[in-house]
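Novice: Input: one structure, supplied below.
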Amino acid sequence: MKTDEIKTAIEESLPADENIDQYIDSGILSGNRVAIATTSKRLIICKKGIFKKSYKDYLWIRFQNVILEEGLRKSSIQLALAGDDELLIKNLDKDEARKICGFARKIITVTSIKKISTGRTCPRCKEVVKHLAEVCIHCGYDFKNRQ
Ligand SMILES: [Zn+2]
């Protein structure tokens, strides 16, 4: 299967209002061809082996942090997900890694601003408090211990 066919398969699986912004074929990694696509909402990683291929979707909104590690020739990107999970993308071309990283940063910033400005509703008193608040300032509800 050619790279373009992977891209086409991803494109066809996307919702109508989403398009691929970036598409990177990062070559063969431990026997699989790995391709990465980004849209405004998600990061898709396709692994294509001899017998099967898998598409994994990660919504940008789930990422909290991005780390770019530049090696001599190749770079890797580490993305931290909510709940201590992380995603490591290795063996990327340096320029491509920078692009994905820049894109991730932009989206992570936008979503965290959105989260903070929207806040969340206290389940007890129904007042809106800051997204990162640990205790409701209106009634003292403890978000930390009751999630
Ligand atoms: Zn409250």
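Ligands are numbered from 1 in the order shown, chains are lettered A, B, ... in the order of the structure tokens, and residues start at 1 in each chain.
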Residues within 8 Å of ligand 1 should be enumerated using only C-alpha atoms and all ligand atoms and returned as a PyMOL selection string.
Specialist: chain A and resi 121-129+135-141
Novice: Neighbouring residues of A:Ile108 were defined as those with any atom within 10 Å, considering only C-alpha atoms; residues of the same chain fewer than 5 positions away were excluded. Please report them as a JSON list (two decimals) with C-alpha atoms, in the first residue's frame.
Specialist:
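So the final result, stored in selection-v1.json, reads:
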```json
[["chain", "number", "residue", "atom", "x", "y", "z"],
["A", 60, "TRP", "CA", -6.05, 17.38, 20.82],
["A", 61, "ILE", "CA", -8.28, 18.34, 23.71],
["A", 62, "ARG", "CA", -6.90, 15.37, 25.65],
["A", 63, "PHE", "CA", -3.32, 16.59, 25.48],
["A", 64, "GLN", "CA", -1.97, 18.72, 28.24],
["A", 65, "ASN", "CA", 1.64, 19.14, 27.35],
["A", 66, "VAL", "CA", 4.06, 18.70, 24.48],
["A", 102, "GLY", "CA", 4.00, 24.08, 16.91],
["A", 103, "PHE", "CA", 0.57, 22.91, 15.89],
["A", 113, "ILE", "CA", -7.84, 28.87, 27.57],
["A", 114, "LYS", "CA", -11.27, 27.62, 26.61]]
```
Novice: Within stretch 77-142 of chain A, find each residue whose DSSP state, derived from the backbone, is strand (DSSP E), and express the selection as a list of chain:residue names.
Specialist: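 Going through stretch 77-142 of chain A, the strand (DSSP E) residues come out as A:Ile77, A:Gln78, A:Leu79, A:Ala80, A:Leu81, A:Glu86, A:Leu87, A:Leu88, A:Ile89, A:Lys90, A:Asn91, A:Leu92, A:Asp93, A:Arg120, A:Thr121, A:Val128, A:Val129.
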Novice: Write out the residues from the selection above, keeping C-alpha atoms, as a PDB file, in the first residue's frame.
Specialist:
```pdb
ATOM      1  CA  ILE A  77       7.674  14.358  20.304  1.00  0.00           C
ATOM      2  CA  GLN A  78       6.248  13.459  23.653  1.00  0.00           C
ATOM      3  CA  LEU A  79       2.639  14.373  24.297  1.00  0.00           C
ATOM      4  CA  ALA A  80       1.212  14.167  27.788  1.00  0.00           C
ATOM      5  CA  LEU A  81      -2.409  13.127  28.079  1.00  0.00           C
ATOM      6  CA  GLU A  86       1.687   9.807  27.330  1.00  0.00           C
ATOM      7  CA  LEU A  87       2.239   9.367  23.665  1.00  0.00           C
ATOM      8  CA  LEU A  88       5.716   9.218  22.172  1.00  0.00           C
ATOM      9  CA  ILE A  89       6.275   9.719  18.466  1.00  0.00           C
ATOM     10  CA  LYS A  90       9.807   8.833  17.508  1.00  0.00           C
ATOM     11  CA  ASN A  91      11.978   9.045  14.444  1.00  0.00           C
ATOM     12  CA  LEU A  92      10.505  12.187  12.953  1.00  0.00           C
ATOM     13  CA  ASP A  93      12.179  14.474  10.516  1.00  0.00           C
ATOM     14  CA  ARG A 120     -17.017  24.027  35.400  1.00  0.00           C
ATOM     15  CA  THR A 121     -20.237  23.760  37.274  1.00  0.00           C
ATOM     16  CA  VAL A 128     -19.574  28.040  37.896  1.00  0.00           C
ATOM     17  CA  VAL A 129     -16.041  27.910  39.225  1.00  0.00           C
TER      18      VAL A 129
END
```
Novice: I need the residues in chain A that are helix (DSSP H, G or I) according to DSSP; give them as a PyMOL selection string.
Specialist: chain A and resi 3-13+60-62+94-118
Novice: If you measure from atom CA of A:Gly71 to atom CA of A:Gly31, what distance in Å do you get, rounded to one decimal?
Specialist: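 These two atoms are separated by 21.6 Å.
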